[in-house]
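Participant: Please find model33.cif (mmCIF, C-alpha atoms) on the next line:
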```
data_final
loop_
_atom_site.label_atom_id
_atom_site.label_comp_id
_atom_site.auth_asym_id
_atom_site.auth_seq_id
_atom_site.Cartn_x
_atom_site.Cartn_y
_atom_site.Cartn_z
CA MET Q 1 59.31 -44.25 53.32
CA SER Q 2 59.32 -43.97 49.54
CA THR Q 3 62.13 -42.59 47.45
CA LEU Q 4 62.20 -39.77 44.90
CA GLN Q 5 64.11 -40.29 41.67
CA VAL Q 6 65.73 -36.92 41.08
CA ARG Q 7 67.73 -35.82 38.06
CA VAL Q 8 69.77 -32.66 38.58
CA TRP Q 9 71.51 -30.71 35.84
CA ARG Q 10 75.23 -30.49 36.61
CA GLY Q 11 77.66 -28.44 34.61
CA GLY Q 12 78.77 -24.94 33.77
CA PRO Q 13 78.85 -22.37 30.96
CA GLN Q 14 80.38 -24.91 28.57
CA GLY Q 15 77.55 -27.40 29.03
CA GLY Q 16 76.55 -30.30 31.24
CA ASP Q 17 74.00 -33.04 31.73
CA PHE Q 18 71.60 -34.53 34.24
CA HIS Q 19 72.86 -36.64 37.15
CA PRO Q 20 70.59 -39.09 39.00
CA TYR Q 21 70.04 -39.01 42.77
CA GLN Q 22 67.72 -40.86 45.13
CA VAL Q 23 66.18 -38.74 47.85
CA PRO Q 24 63.95 -39.96 50.71
CA ARG Q 25 60.38 -38.78 50.34
CA ARG Q 26 59.12 -36.86 53.37
CA ALA Q 27 55.88 -35.22 54.41
CA SER Q 28 55.45 -31.53 53.45
CA GLN Q 29 58.71 -31.69 51.50
CA SER Q 30 59.57 -28.71 49.31
CA VAL Q 31 61.66 -28.93 46.15
CA LEU Q 32 64.28 -26.84 47.94
CA ASP Q 33 64.36 -29.48 50.70
CA VAL Q 34 65.17 -32.05 48.03
CA VAL Q 35 68.04 -29.97 46.63
CA THR Q 36 69.35 -29.30 50.12
CA HIS Q 37 69.27 -33.02 50.94
CA ILE Q 38 71.31 -33.79 47.83
CA GLN Q 39 73.91 -31.17 48.66
CA ARG Q 40 74.21 -32.01 52.36
CA MET Q 41 73.86 -35.78 52.27
CA LEU Q 42 74.79 -37.00 48.79
CA ASP Q 43 77.01 -34.57 46.91
CA PRO Q 44 78.46 -31.47 48.62
CA SER Q 45 79.80 -30.17 45.28
CA LEU Q 46 76.29 -29.30 44.06
CA ALA Q 47 75.91 -25.54 43.59
CA TYR Q 48 72.52 -23.89 44.12
CA ARG Q 49 71.25 -20.62 45.55
CA PHE Q 50 68.80 -19.90 48.33
CA ALA Q 51 68.43 -17.56 51.28
CA CYS Q 52 65.14 -16.96 53.10
CA ARG Q 53 63.30 -20.29 52.47
CA VAL Q 54 59.95 -18.52 52.95
CA GLY Q 55 59.21 -16.99 49.53
CA MET Q 56 60.55 -13.51 50.14
CA CYS Q 57 64.07 -13.27 48.73
CA GLY Q 58 63.52 -14.59 45.20
CA SER Q 59 66.85 -16.43 45.05
CA CYS Q 60 65.89 -20.13 44.85
CA ALA Q 61 64.02 -20.24 41.52
CA MET Q 62 64.88 -23.19 39.26
CA THR Q 63 63.35 -25.16 36.44
CA VAL Q 64 61.34 -27.98 38.02
CA ASN Q 65 60.09 -30.66 35.62
CA GLY Q 66 60.40 -28.15 32.80
CA VAL Q 67 58.64 -25.26 34.53
CA ALA Q 68 60.29 -22.29 36.27
CA ARG Q 69 59.23 -22.20 39.94
CA TRP Q 70 60.27 -20.84 43.34
CA THR Q 71 61.51 -24.02 44.94
CA CYS Q 72 61.14 -23.06 48.60
CA ARG Q 73 57.36 -22.70 48.27
CA THR Q 74 56.82 -25.52 45.79
CA HIS Q 75 55.78 -28.72 47.51
CA VAL Q 76 56.96 -31.94 45.93
CA ASP Q 77 53.31 -33.11 46.08
CA LYS Q 78 52.32 -30.37 43.68
CA VAL Q 79 54.84 -31.11 40.91
CA CYS Q 80 55.79 -34.76 41.28
CA ALA Q 81 52.93 -37.19 40.83
CA ASP Q 82 55.09 -40.10 39.65
CA GLY Q 83 58.00 -39.82 42.09
CA ARG Q 84 60.32 -38.24 39.53
CA LEU Q 85 61.83 -34.76 39.65
CA GLU Q 86 64.02 -33.07 37.06
CA LEU Q 87 65.80 -29.94 38.25
CA ALA Q 88 67.64 -27.53 35.98
CA PRO Q 89 68.84 -23.93 36.15
CA LEU Q 90 66.48 -21.15 35.03
CA ALA Q 91 66.20 -20.72 31.27
CA ASN Q 92 67.15 -17.48 29.47
CA LEU Q 93 70.00 -16.81 31.91
CA PRO Q 94 73.66 -17.83 31.61
CA VAL Q 95 74.64 -20.75 33.85
CA ILE Q 96 77.46 -20.19 36.33
CA ARG Q 97 77.50 -23.71 37.74
CA ASP Q 98 74.89 -26.44 38.26
CA LEU Q 99 71.65 -24.74 39.36
CA VAL Q 100 73.15 -21.27 39.77
CA THR Q 101 72.55 -18.71 37.02
CA ASP Q 102 74.12 -15.33 36.42
CA MET Q 103 71.35 -12.79 37.04
CA SER Q 104 73.42 -9.71 36.14
CA GLU Q 105 71.68 -9.13 32.81
CA PHE Q 106 68.27 -9.62 34.44
CA PHE Q 107 68.92 -6.84 36.95
CA ASP Q 108 70.82 -4.65 34.45
CA LYS Q 109 67.58 -4.55 32.50
CA TRP Q 110 65.77 -3.16 35.54
CA THR Q 111 68.32 -0.33 35.44
CA ARG Q 112 67.83 0.15 31.69
CA ALA Q 113 64.07 0.34 32.29
CA ARG Q 114 64.75 3.12 34.82
CA GLY Q 115 63.41 0.97 37.62
CA ARG Q 116 64.62 3.40 40.29
CA PHE Q 117 62.21 5.69 42.10
CA GLN Q 118 62.97 9.36 41.56
CA GLY Q 119 61.16 11.64 43.98
CA ARG Q 120 60.54 15.36 43.84
CA ARG Q 121 60.71 16.16 47.51
CA GLY Q 122 63.68 16.65 49.78
CA ARG Q 123 64.25 15.67 53.39
CA HIS Q 124 62.77 18.94 54.65
CA ASP Q 125 59.49 18.56 52.75
CA ASP Q 126 56.40 16.98 54.20
CA PHE Q 127 55.36 13.47 53.17
CA GLU Q 128 53.34 13.21 50.00
CA ARG Q 129 49.84 11.90 50.69
CA VAL Q 130 48.79 8.98 48.47
CA ALA Q 131 45.19 7.81 48.89
CA PRO Q 132 45.26 3.98 49.20
CA ASP Q 133 42.01 3.67 47.27
CA SER Q 134 43.03 5.92 44.36
CA PRO Q 135 43.00 4.12 40.97
CA ALA Q 136 46.72 4.70 40.39
CA ARG Q 137 47.69 3.36 43.82
CA LYS Q 138 45.52 0.28 43.32
CA GLN Q 139 47.37 -0.42 40.07
CA VAL Q 140 50.66 -0.09 41.92
CA ASP Q 141 49.48 -2.41 44.70
CA ALA Q 142 48.57 -5.09 42.17
CA ALA Q 143 52.13 -5.16 40.81
CA ILE Q 144 54.42 -4.08 43.64
CA GLU Q 145 55.09 -7.40 45.40
CA CYS Q 146 57.67 -8.65 42.89
CA ILE Q 147 60.54 -10.48 44.63
CA GLY Q 148 62.87 -10.47 41.62
CA CYS Q 149 63.01 -14.27 41.30
CA ALA Q 150 63.23 -14.17 37.45
CA VAL Q 151 60.61 -16.92 37.04
CA CYS Q 152 58.73 -14.64 34.61
CA TYR Q 153 61.92 -13.78 32.71
CA SER Q 154 62.84 -17.44 32.43
CA SER Q 155 59.33 -18.33 31.19
CA CYS Q 156 59.15 -15.62 28.52
CA ASP Q 157 59.50 -16.75 24.90
CA VAL Q 158 60.15 -13.19 23.73
CA VAL Q 159 63.22 -13.01 25.99
CA ALA Q 160 64.42 -16.24 24.35
CA TRP Q 161 63.89 -14.84 20.83
CA THR Q 162 65.04 -11.27 21.49
CA PRO Q 163 67.87 -11.18 24.02
CA GLY Q 164 67.74 -7.37 24.20
CA TYR Q 165 64.10 -7.40 25.34
CA LEU Q 166 63.79 -5.87 28.80
CA GLY Q 167 61.52 -8.66 29.98
CA PRO Q 168 58.43 -8.87 32.19
CA ALA Q 169 60.02 -8.13 35.57
CA ALA Q 170 61.81 -4.93 34.53
CA LEU Q 171 58.72 -3.70 32.67
CA ASN Q 172 56.50 -4.54 35.65
CA ARG Q 173 58.82 -2.52 37.87
CA ALA Q 174 58.67 0.39 35.42
CA TRP Q 175 54.87 0.15 35.41
CA THR Q 176 54.67 0.49 39.21
CA LEU Q 177 56.75 3.67 38.97
CA GLN Q 178 54.69 5.03 36.06
CA ARG Q 179 51.64 4.81 38.33
CA ASP Q 180 53.44 6.27 41.37
CA VAL Q 181 52.21 9.86 41.67
CA ARG Q 182 55.36 10.82 43.60
CA ASP Q 183 57.74 9.83 40.80
CA ALA Q 184 59.32 12.61 38.73
CA ALA Q 185 60.95 10.63 35.91
CA GLN Q 186 57.93 9.20 34.13
CA ALA Q 187 58.51 10.82 30.73
CA GLU Q 188 62.11 9.55 30.60
CA ARG Q 189 61.07 6.12 31.83
CA LEU Q 190 58.36 5.82 29.19
CA ARG Q 191 60.97 6.54 26.51
CA ALA Q 192 63.23 3.89 28.08
CA VAL Q 193 60.58 1.15 28.09
CA ALA Q 194 58.82 1.86 24.76
CA GLY Q 195 60.04 0.40 21.48
CA ASP Q 196 60.88 -3.01 20.10
CA ALA Q 197 63.24 -3.87 22.98
CA GLY Q 198 60.63 -2.79 25.49
CA CYS Q 199 56.91 -3.10 26.03
CA HIS Q 200 56.08 -3.22 22.30
CA ALA Q 201 57.94 -6.51 21.92
CA CYS Q 202 55.51 -8.30 24.27
CA HIS Q 203 53.23 -10.77 22.46
CA THR Q 204 50.77 -11.04 25.35
CA GLN Q 205 51.34 -14.78 25.62
CA LEU Q 206 50.83 -14.52 29.41
CA SER Q 207 53.52 -17.05 30.40
CA CYS Q 208 54.86 -14.54 32.93
CA THR Q 209 51.43 -14.04 34.43
CA GLU Q 210 50.74 -17.77 34.60
CA ARG Q 211 54.07 -18.59 36.24
CA CYS Q 212 54.56 -15.63 38.61
CA PRO Q 213 54.68 -17.13 42.13
CA LYS Q 214 53.43 -13.84 43.60
CA ARG Q 215 50.44 -13.88 41.25
CA ILE Q 216 51.38 -10.59 39.66
CA SER Q 217 50.34 -9.97 36.06
CA PRO Q 218 53.30 -8.34 34.30
CA THR Q 219 51.25 -8.67 31.10
CA SER Q 220 48.71 -6.17 32.44
CA GLY Q 221 51.44 -3.71 33.37
CA ILE Q 222 53.08 -4.08 29.95
CA ALA Q 223 49.69 -3.46 28.28
CA GLY Q 224 49.37 -0.33 30.43
CA LEU Q 225 52.81 0.85 29.30
CA LYS Q 226 51.77 0.33 25.66
CA ARG Q 227 48.66 2.46 26.20
CA ASP Q 228 50.67 5.16 27.98
CA ALA Q 229 53.24 5.15 25.15
CA LEU Q 230 50.55 5.54 22.51
CA ALA Q 231 48.89 8.39 24.41
CA ALA Q 232 52.26 10.13 24.79
CA ALA Q 233 53.11 9.56 21.11
CA LEU Q 234 49.80 11.07 19.99
CA LYS Q 235 50.49 14.12 22.15
CA GLY Q 236 54.02 14.40 20.73
CA GLU Q 237 55.52 13.74 24.17
CA LEU Q 238 57.35 10.52 23.40
CA MET L 1 63.38 3.22 14.77
CA SER L 2 62.12 5.89 17.14
CA VAL L 3 60.06 4.82 20.11
CA ARG L 4 57.39 7.26 18.98
CA ARG L 5 57.02 5.52 15.62
CA GLU L 6 56.95 2.17 17.40
CA ALA L 7 54.12 3.34 19.67
CA LEU L 8 52.15 4.74 16.72
CA LEU L 9 52.59 1.52 14.74
CA TRP L 10 51.28 -0.42 17.74
CA GLY L 11 48.23 1.89 17.89
CA ALA L 12 47.64 1.45 14.15
CA GLN L 13 47.82 -2.30 14.49
CA ARG L 14 45.34 -2.34 17.37
CA LEU L 15 42.90 -0.08 15.51
CA SER L 16 43.17 -2.10 12.30
CA ALA L 17 42.70 -5.33 14.29
CA ALA L 18 39.42 -3.99 15.71
CA LEU L 19 38.25 -3.12 12.19
CA LEU L 20 39.34 -6.51 10.87
CA ALA L 21 37.42 -8.34 13.60
CA LEU L 22 34.24 -6.66 12.42
CA CYS L 23 35.01 -6.97 8.70
CA VAL L 24 35.91 -10.67 8.88
CA VAL L 25 32.66 -11.49 10.71
CA VAL L 26 30.57 -9.62 8.12
CA HIS L 27 32.57 -11.18 5.25
CA LEU L 28 32.18 -14.74 6.62
CA ALA L 29 28.47 -14.24 7.29
CA THR L 30 28.05 -13.00 3.71
CA MET L 31 29.96 -15.96 2.28
CA ILE L 32 27.94 -18.45 4.35
CA TYR L 33 24.68 -16.79 3.27
CA ALA L 34 25.71 -16.82 -0.40
CA ALA L 35 26.66 -20.50 -0.23
CA GLN L 36 23.62 -21.59 1.79
CA ALA L 37 21.23 -19.65 -0.45
CA GLY L 38 22.80 -21.27 -3.49
CA LEU L 39 23.45 -17.97 -5.23
CA SER L 40 25.09 -18.24 -8.64
CA ALA L 41 27.98 -16.01 -9.70
CA ALA L 42 25.59 -14.00 -11.82
CA GLN L 43 23.23 -13.48 -8.88
CA ILE L 44 26.10 -12.37 -6.64
CA LEU L 45 27.39 -9.94 -9.27
CA ALA L 46 23.87 -8.56 -9.68
CA ARG L 47 23.96 -7.62 -5.98
CA THR L 48 27.48 -6.17 -5.92
CA ARG L 49 27.76 -4.27 -9.24
CA GLY L 50 27.26 -0.56 -8.72
CA ASN L 51 26.58 -1.15 -5.01
CA VAL L 52 28.44 1.64 -3.18
CA ALA L 53 27.74 0.06 0.25
CA TRP L 54 29.67 -3.13 -0.65
CA LEU L 55 32.38 -1.06 -2.35
CA SER L 56 32.79 1.00 0.83
CA PHE L 57 32.77 -2.03 3.11
CA TYR L 58 35.42 -3.94 1.18
CA SER L 59 37.51 -0.78 0.74
CA ILE L 60 37.62 -0.37 4.53
CA PHE L 61 38.41 -4.09 4.85
CA LEU L 62 41.28 -3.72 2.40
CA LEU L 63 42.63 -0.62 4.17
CA ALA L 64 42.61 -2.46 7.50
CA VAL L 65 44.52 -5.35 5.89
CA LEU L 66 47.04 -2.96 4.35
CA VAL L 67 47.77 -1.46 7.76
CA HIS L 68 47.64 -4.64 9.84
CA VAL L 69 49.52 -7.21 7.77
CA PRO L 70 52.78 -5.33 7.10
CA ILE L 71 53.09 -4.31 10.77
CA GLY L 72 52.60 -7.90 11.90
CA LEU L 73 54.98 -9.21 9.25
CA ARG L 74 57.52 -6.64 10.39
CA ALA L 75 57.58 -8.21 13.87
CA VAL L 76 57.86 -11.71 12.39
CA LEU L 77 60.82 -10.70 10.19
CA SER L 78 62.55 -9.00 13.12
CA GLU L 79 62.11 -11.81 15.60
CA TRP L 80 62.50 -14.87 13.40
CA LEU L 81 65.08 -13.65 10.90
CA GLY L 82 66.66 -10.77 12.81
CA TRP L 83 65.94 -8.59 9.78
CA ARG L 84 65.59 -4.93 10.73
CA GLY L 85 66.18 -1.54 9.18
CA ALA L 86 65.41 0.18 5.89
CA SER L 87 65.73 -2.90 3.64
CA ARG L 88 63.09 -4.77 5.65
CA ASP L 89 60.76 -1.76 5.62
CA ALA L 90 61.21 -1.29 1.85
CA VAL L 91 60.22 -4.92 1.24
CA LEU L 92 57.19 -4.48 3.49
CA VAL L 93 56.10 -1.36 1.59
CA ALA L 94 56.41 -3.32 -1.67
CA PHE L 95 54.43 -6.18 -0.11
CA ALA L 96 51.71 -3.74 1.00
CA ALA L 97 51.60 -2.26 -2.51
CA ALA L 98 51.13 -5.75 -3.98
CA LEU L 99 48.33 -6.44 -1.50
CA ALA L 100 46.72 -3.11 -2.39
CA TRP L 101 46.83 -3.93 -6.11
CA LEU L 102 45.40 -7.42 -5.64
CA GLY L 103 42.73 -6.21 -3.20
CA ALA L 104 41.66 -3.27 -5.33
CA ARG L 105 41.48 -5.54 -8.39
CA ALA L 106 39.20 -7.95 -6.52
CA ILE L 107 36.94 -5.20 -5.19
CA LEU L 108 36.61 -3.43 -8.55
CA GLY L 109 36.08 -6.78 -10.26
CA VAL L 110 32.75 -7.23 -8.50
CA PHE L 111 31.79 -3.53 -8.46
CA LEU L 112 32.32 -2.45 -12.06
#
```
If you took the structure in this file and wrote it as structure tokens, what would it be?

Facilitator:
Amino acid sequence: MSTLQVRVWRGGPQGGDFHPYQVPRRASQSVLDVVTHIQRMLDPSLAYRFACRVGMCGSCAMTVNGVARWTCRTHVDKVCADGRLELAPLANLPVIRDLVTDMSEFFDKWTRARGRFQGRRGRHDDFERVAPDSPARKQVDAAIECIGCAVCYSSCDVVAWTPGYLGPAALNRAWTLQRDVRDAAQAERLRAVAGDAGCHACHTQLSCTERCPKRISPTSGIAGLKRDALAAALKGEL
Amino acid sequence: MSVRREALLWGAQRLSAALLALCVVVHLATMIYAAQAGLSAAQILARTRGNVAWLSFYSIFLLAVLVHVPIGLRAVLSEWLGWRGASRDAVLVAFAAALAWLGARAILGVFL
């Protein structure tokens, strides 16, 4: 059995550095397996976050060899050709301890982008029919599977430059609601996501689209929001 | 900055970018032709002086530049220097005016 040389960032809000660990290499080993081995067998003080282990909860994302990834679905084979792994907390988020980041601001931005569905109908109304093959619903389907892992947010240079920028995940969420025919708050939401802290700050660098583990393209949604904002502005509705 | 103005500026930048893509291709093709054909300055001026088609083309080119460059520079100043507000916009208007003067001088120099 070979051994992985793993360097893990240890520290807190004041700073920290990388600590070396040696982890046995196993077949079909995920990066999360490596972190779990370190915490359970080598150093129980290591802080990290995970829940489902099957790519649904979005809680285990970390920076793996310099790239933000979901660790539970990232095989060591895929990212570690030379037997070395470097694990760090997600970028663009404050560190709480070791590999755990504070995601409050990330989710606060979903709220600022009005990422909450607002329906028109009450409990006594019939269901609204949405044709699955309608163009708007197809656009929603392409973007709806976000698990809130913050990989896109961590990979976005504009978030790094402009801390107030809502970021790809919040804007992608807003986009799914802008294309939801049942939603009643689209004019207000468009005002919330337009402007230089919103969709107009995006430089279309596509890092979010390249890194999204669910293969969503937030860039496409953000481009859609820009087009919607321009159309609304020309009509005097923005 | 209102979100409406932001959206309109984005639209203006996209439209001017489309115009610039066309204008730059025509301009480069013209430059390559002039160089390859070995045209002298006098021969080039003979083709451009009094030519309303070239005057119109380069006027549109200049207008696209005047719209596109200050909007792009505005984003650079905001993101890299954190410079926002009226002072930044005043400098950009002055910069656009300088570009307009230089551009118009160049266009009229080969037309008149």

Participant: Could you check which of L:Phe111, L:Trp80, L:Trp54, L:Tyr33 is closest to chain Q, using all atoms listed in the file?

Facilitator: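 Closest candidate: L:Trp80.
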
Participant: Between L:Gly103, L:Gly38, L:Gly50, L:Gly11, which one has atoms that come closest to chain Q, using all atoms listed in the file?

Facilitator: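 Of L:Gly103, L:Gly38, L:Gly50, L:Gly11, the one nearest chain Q, counting all atoms listed in the file, is L:Gly11.
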
Participant: Need the shell around stretch 157-171 of chain Q: protein/DNA/RNA residues with any atom at most 10 Å away, counting all atoms listed in the file. Skip same-chain ones fewer than 6 positions apart. Format as a PyMOL selection string?

Facilitator: (chain Q and resi 91-93+105-115+143+146-151+177+192-209+212+216-219+221-222+225) or (chain L and resi 78-80+82)

Participant: Within 9 Å of stretch 48-60 of chain Q, counting only C-alpha atoms, which residues qualify if same-chain residues fewer than 2 places away don't, as a list in words?

Facilitator: Leu32, Val35, Thr36, Gln39, Leu46, Met62, Arg69, Trp70, Thr71, Cys72, Arg73, Pro89, Arg97, Asp98, Leu99, Val100, Thr101, Cys146, Ile147, Gly148, Cys149, Ala150, Val151, Pro213 and Lys214 of chain Q

Participant: Which residues fall under the PyMOL selection byres ((chain L) within 6 of (chain Q)) in this file, as a ChimeraX atom specification?

Facilitator: /L:3-4,6-7

Participant: Box time for stretch 94-97 of chain L: axis-aligned, enclosing all its listed atoms, 8 Å extra on each side; report centre and edge lengths in Å to one decimal, as JSON.

Facilitator:
```
{"center_x": 54.0, "center_y": -4.2, "center_z": -0.8, "size_x": 20.8, "size_y": 19.9, "size_z": 19.5}
```

Participant: Run the PyMOL selection byres ((chain Q and resi 12) around 8) against the file shown and list the residues it catches, as a CSV table (one decimal) with C-alpha atoms, keeping the file's coordinate frame.

Facilitator:
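Resulting contents of result.csv:
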```csv
chain,number,residue,atom,x,y,z
Q,10,ARG,CA,75.2,-30.5,36.6
Q,11,GLY,CA,77.7,-28.4,34.6
Q,13,PRO,CA,78.8,-22.4,31.0
Q,14,GLN,CA,80.4,-24.9,28.6
Q,15,GLY,CA,77.6,-27.4,29.0
Q,16,GLY,CA,76.6,-30.3,31.2
Q,95,VAL,CA,74.6,-20.8,33.8
Q,96,ILE,CA,77.5,-20.2,36.3
Q,97,ARG,CA,77.5,-23.7,37.7
Q,98,ASP,CA,74.9,-26.4,38.3
```

Participant: Of the candidates L:Arg105, L:Ser59, L:Val67, L:Ala53, which shows the shortest atom-to-atom distance to L:Leu9, using all atoms listed in the file?

Facilitator: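 Closest residue, counting all atoms listed in the file: L:Val67.
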